[in-house]
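Q: Structure provided below as structure tokens; questions to follow.
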Amino acid sequence: MVQPYPKQFPPGLYEAAIAASRFGYGARAGELQGIASDPKGWLLVQLEDSAVPADYFQGLPKTSEITAKLVTAQAAGDTALQALRRSRSAESQGEAQIHASYAMATGAPFRERLVRFWCNHFSLSALNPRIFPLTYAFERDVIRPNLRGSFVNLLTEVVRHPAMLLNFENANSIGDYSYAGLKGAAALDDRLAQAILKLYTLGPKRQPTPKDIFSLAKMLTGWSVTGPEEENPGSFIFRPKWHEPNSKYFLEHNFPHAGVLEAEAALDKLGRKEEVATYLATKMAQYFITDTPPSELISSMLRGFTDGANSIMGMAKGMVMSKTAWSPVQNKIKTPEDLVLSTARALGLGGEAGGMTLRAQRVLGQPPKHAPSPEGWSVQSGAWIAPQQMMDRLSWTGAIARRGAMVMPDAPVADTALDILGPLLSPVTYRRIAVAADRGEGLAILFASPEFQRR
């Protein structure tokens with residue numbers, strides 16, 4: 001029998017519901033009560049653990065293995081590349097399912113969403129034939145291991161990764177006055193420099209000068225990937241004979257000729273600029289909290305970032321500790337990824353449903369690792385609420401509700417809704433669920449409700 005809507009909720013349950021929904025992928029049945037004892041602590045402890053799970057990703061190929069096959073196939077021609085694409089397609093689907101399964105099963109969903117945020121920030125899309133096999137390896141080998149360090153360190157490791165060098169053609173960038181350039185091989189490419197400045201650090205609102213782009217591009221000459229005939233094919237290599245000599249003027253600072261150290265020093269200087277930190281904090285706040293983050297929230301995140309010496313997790317901690325991050329107003333529309341994973345967790349589905357979540361994300365317009373541009377998926381709610389998108393959501397939630405009615409425990413759906421949403425569930429939605437014709441209809445009302453569709 002359905003119980004009346006509670007007149008009051010236990011202390012801490014409101015913040016527990018916000019912690020699970022806004023910072024994670026939503027609560028599983030029975031989870032809110034455990035979070036309620038210390039919602040902030042539940043989030044902060046997730047920042048202390050490694051983002052590299054010891055069990056899920058064992059045996060998956062590393063960057064070096066995949067890149068070696070990729071550069072070998074590229075050197076051999078279109079036939080070999082097409083054969084690699086076919087073989088890696090099935091393997092990549094398996095990797096995608098493992099990553100989705102981990103996101104559903106993890107006990108640290110906040111940390112997992114931070115992984116997804118930074119993967120999207122440094123977006124590499126499998127739509128690009130130059131790097132299609134490397135997207136999940138990039139996440140495993142670069143993003144996850146470096147989240148507990150500084151942003152400068154993460155940025156440097158990102159730029160050094162073969163997927164990034166191949167994606168923006170920097171692997172073949174040669175300075176005009178380098179040894180190779182003077183021999184007639186000059187082919188300076190500034191696409192990676194532009195991405196670093198416009199997408200990864202300064203952001204689109206602060207346009208870098210053409211001189212800064214050109215200088216950074218020259219510093220990055222020689223940052224390349226070993227070919228099939230070289231030692232350790234598919235690995236990062238610095239080619240001194242390709243590197244543009246002489247000093248470079250970048251960000252109002254003169255960098256003397258220093259080979260590979262030039263770009264490393266430039267990334268260090270760039271990653272410590274105040275406007276870069278502000279851009280990163282704003283984008284992270286938009287991803288988790290609201291499209292228009294208040295100044296107090298950004299200030300708290302910047303304090304955490306600088307107090308931790310350019311700390312990525314310090315910025316996330318500053319977000320958690322800000323009072324404005326805990327507003328009861330659910331400002332953000334869930335992306336398809338968030339919606340699918342939170343629905344799976346609400347239904348109690350485990351890692352075995354990884355394939356289902358991948359199919360659902362494709363149906364709803366956000367297939368993993370397939371962002372349509374280097375900017376990644378939009379963090380703005382407005383990008384996900386076009387009329388057709390909303391119709392697709394309602395159609396999918398209705399279908400998954402019918403399936404869920406067969407796998408969920410026999411408890412009334414209204415009670416289950418309270419169990420996973422707590423005080424976020426409104427009395428009106430609770431009543432509509434309670435009087436639904438059957439369990440499938442009740443779940444459909446729950447999953448289509450504003451309280452569930454928003455964070």
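Ordering of the structure tokens sets the chain letters (A, B, ...); residue numbers start at 1 within each chain; ligands are numbered from 1 in the order shown.
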Mind dumping a table of every region 339-419 of chain A residue within 12 Å of region 273-285 of chain A, with the nearest atom pair and its distance in Å to one decimal, using only C-alpha atoms, sorted by chain and rising number, as a Markdown table?

A:
| residue | atom | partner | partner_atom | distance |
| --- | --- | --- | --- | --- |
| A:Glu375 | CA | A:Lys283 | CA | 11.9 |
| A:Trp377 | CA | A:Lys283 | CA | 11.9 |
| A:Ser378 | CA | A:Lys283 | CA | 10.1 |
| A:Val379 | CA | A:Lys283 | CA | 7.5 |
| A:Gln380 | CA | A:Lys283 | CA | 9.5 |

Q: I want to know what sits within 12 Å of Phe236 (chain A), based on only C-alpha atoms, with residues of the same chain fewer than 5 positions away left out; could you give that as JSON, numbers by chain?

A: {"A": [63, 64, 67, 68, 157, 158, 159, 160, 161, 162, 163, 164, 165, 166, 170, 171, 222, 223, 224, 225, 226, 227, 230, 231, 260]}

Q: Run DSSP on the backbone and tell me which residues of region 67-212 of chain A come out as alpha helix (DSSP H); list them as a VMD selection string.

A: chain A and resid 67 to 76 78 to 105 109 to 121 135 to 138 151 to 160 162 to 167 179 to 180 191 to 195 210 to 212

Q: Tell me, counting only C-alpha atoms, for each residue of region 251-369 of chain A within 12 Å of region 102-124 of chain A, which pair of atoms is nearest and how far apart they are in Å to one decimal, in rows ordered by chain and increasing number, as CSV.

A:
residue,atom,partner,partner_atom,distance
A:Tyr279,CA,A:His121,CA,11.3
A:Leu280,CA,A:His121,CA,9.1
A:Ala281,CA,A:Phe117,CA,11.7
A:Lys283,CA,A:His121,CA,8.8
A:Met284,CA,A:Phe117,CA,7.4
A:Ala285,CA,A:Phe117,CA,10.5
A:Gln286,CA,A:Phe117,CA,10.5
A:Tyr287,CA,A:Phe117,CA,7.4
A:Phe288,CA,A:Arg113,CA,8.8
A:Ile312,CA,A:Leu114,CA,9.6
A:Met313,CA,A:Leu114,CA,9.1
A:Met315,CA,A:Leu114,CA,10.9
A:Ala316,CA,A:Leu114,CA,8.3
A:Lys317,CA,A:Phe110,CA,11.1
A:Met319,CA,A:Phe110,CA,11.9
A:Val320,CA,A:Phe110,CA,10.4
A:Thr335,CA,A:Arg113,CA,11.9
A:Glu337,CA,A:Arg116,CA,10.0
A:Asp338,CA,A:Arg113,CA,9.1
A:Leu339,CA,A:Met104,CA,11.6
A:Val340,CA,A:Met104,CA,9.6
A:Leu341,CA,A:Met104,CA,6.1
A:Ser342,CA,A:Met104,CA,8.0
A:Thr343,CA,A:Met104,CA,9.7
A:Ala344,CA,A:Met104,CA,7.1
A:Arg345,CA,A:Met104,CA,6.3
A:Ala346,CA,A:Met104,CA,10.1
A:Leu347,CA,A:Met104,CA,10.8
A:Gly348,CA,A:Met104,CA,9.3
A:Leu349,CA,A:Met104,CA,7.7
A:Gly350,CA,A:Ala105,CA,5.6
A:Gly351,CA,A:Ala105,CA,5.7
A:Glu352,CA,A:Ala105,CA,9.4
A:Ala353,CA,A:Met104,CA,8.5
A:Gly354,CA,A:Met104,CA,7.8
A:Gly355,CA,A:Met104,CA,11.4
A:Met356,CA,A:Met104,CA,11.3
A:Thr357,CA,A:Met104,CA,9.1
A:Leu358,CA,A:Met104,CA,11.5
A:Gln366,CA,A:Asn120,CA,11.8
A:Pro368,CA,A:Arg116,CA,9.9
A:Lys369,CA,A:Leu124,CA,7.0

Q: Could you write those residues out with C-alpha atoms, as an mmCIF file, in the first residue's frame?

A:
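This went into selection-v4.cif:
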data_model
loop_
_atom_site.group_PDB
_atom_site.id
_atom_site.type_symbol
_atom_site.label_atom_id
_atom_site.label_comp_id
_atom_site.auth_asym_id
_atom_site.auth_seq_id
_atom_site.Cartn_x
_atom_site.Cartn_y
_atom_site.Cartn_z
ATOM 1 C CA TYR A 279 37.441 29.621 -17.771
ATOM 2 C CA LEU A 280 37.943 26.102 -16.420
ATOM 3 C CA ALA A 281 35.992 26.827 -13.227
ATOM 4 C CA LYS A 283 32.912 25.446 -17.569
ATOM 5 C CA MET A 284 33.022 22.896 -14.718
ATOM 6 C CA ALA A 285 30.323 24.801 -12.821
ATOM 7 C CA GLN A 286 28.167 24.874 -15.962
ATOM 8 C CA TYR A 287 28.622 21.138 -16.383
ATOM 9 C CA PHE A 288 27.600 20.297 -12.817
ATOM 10 C CA ILE A 312 42.207 19.855 -10.515
ATOM 11 C CA MET A 313 40.653 18.152 -7.519
ATOM 12 C CA MET A 315 38.775 23.088 -8.004
ATOM 13 C CA ALA A 316 36.226 20.274 -7.644
ATOM 14 C CA LYS A 317 36.490 20.497 -3.851
ATOM 15 C CA MET A 319 32.717 23.549 -5.976
ATOM 16 C CA VAL A 320 31.449 21.080 -3.376
ATOM 17 C CA THR A 335 22.312 15.248 -20.912
ATOM 18 C CA GLU A 337 24.371 10.348 -20.961
ATOM 19 C CA ASP A 338 23.285 11.522 -17.497
ATOM 20 C CA LEU A 339 19.667 10.537 -18.130
ATOM 21 C CA VAL A 340 20.468 7.037 -19.343
ATOM 22 C CA LEU A 341 22.937 6.255 -16.564
ATOM 23 C CA SER A 342 20.714 7.681 -13.809
ATOM 24 C CA THR A 343 17.748 5.669 -15.125
ATOM 25 C CA ALA A 344 19.815 2.490 -15.148
ATOM 26 C CA ARG A 345 20.941 3.131 -11.562
ATOM 27 C CA ALA A 346 17.378 3.878 -10.456
ATOM 28 C CA LEU A 347 16.264 0.538 -11.895
ATOM 29 C CA GLY A 348 19.071 -1.238 -10.069
ATOM 30 C CA LEU A 349 20.713 -2.349 -13.304
ATOM 31 C CA GLY A 350 24.368 -3.304 -13.049
ATOM 32 C CA GLY A 351 27.273 -3.553 -15.415
ATOM 33 C CA GLU A 352 25.475 -6.186 -17.447
ATOM 34 C CA ALA A 353 23.340 -3.416 -18.947
ATOM 35 C CA GLY A 354 26.302 -1.592 -20.484
ATOM 36 C CA GLY A 355 25.182 -2.436 -24.007
ATOM 37 C CA MET A 356 21.715 -1.085 -23.329
ATOM 38 C CA THR A 357 23.081 2.255 -22.148
ATOM 39 C CA LEU A 358 25.225 2.632 -25.257
ATOM 40 C CA GLN A 366 24.863 11.541 -27.540
ATOM 41 C CA PRO A 368 29.946 8.154 -26.353
ATOM 42 C CA LYS A 369 33.186 9.469 -27.857
#

Q: What's the 9 Å shell around Gln33 (chain A), counting only C-alpha atoms, without same-chain residues fewer than 6 positions away, as a count of residues only?

A: 5

Q: Quick check, in Å to one decimal: how far apart do CA of Thr201 (chain A) and CA of Gly376 (chain A) lie?

A: 14.3 Å

Q: Please extract the residues of region 117-237 of chain A with a backbone DSSP assignment of strand (DSSP E or B) and present them as a list in words.

A: Ser150, Trp223, Ser224, Val225, Phe236 and Ile237 of chain A

Q: Please indicate the distance in Å from CA of Leu220 (chain A) to CA of Leu127 (chain A), rounded to one decimal place.

A: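 It comes out at 24.9 Å.
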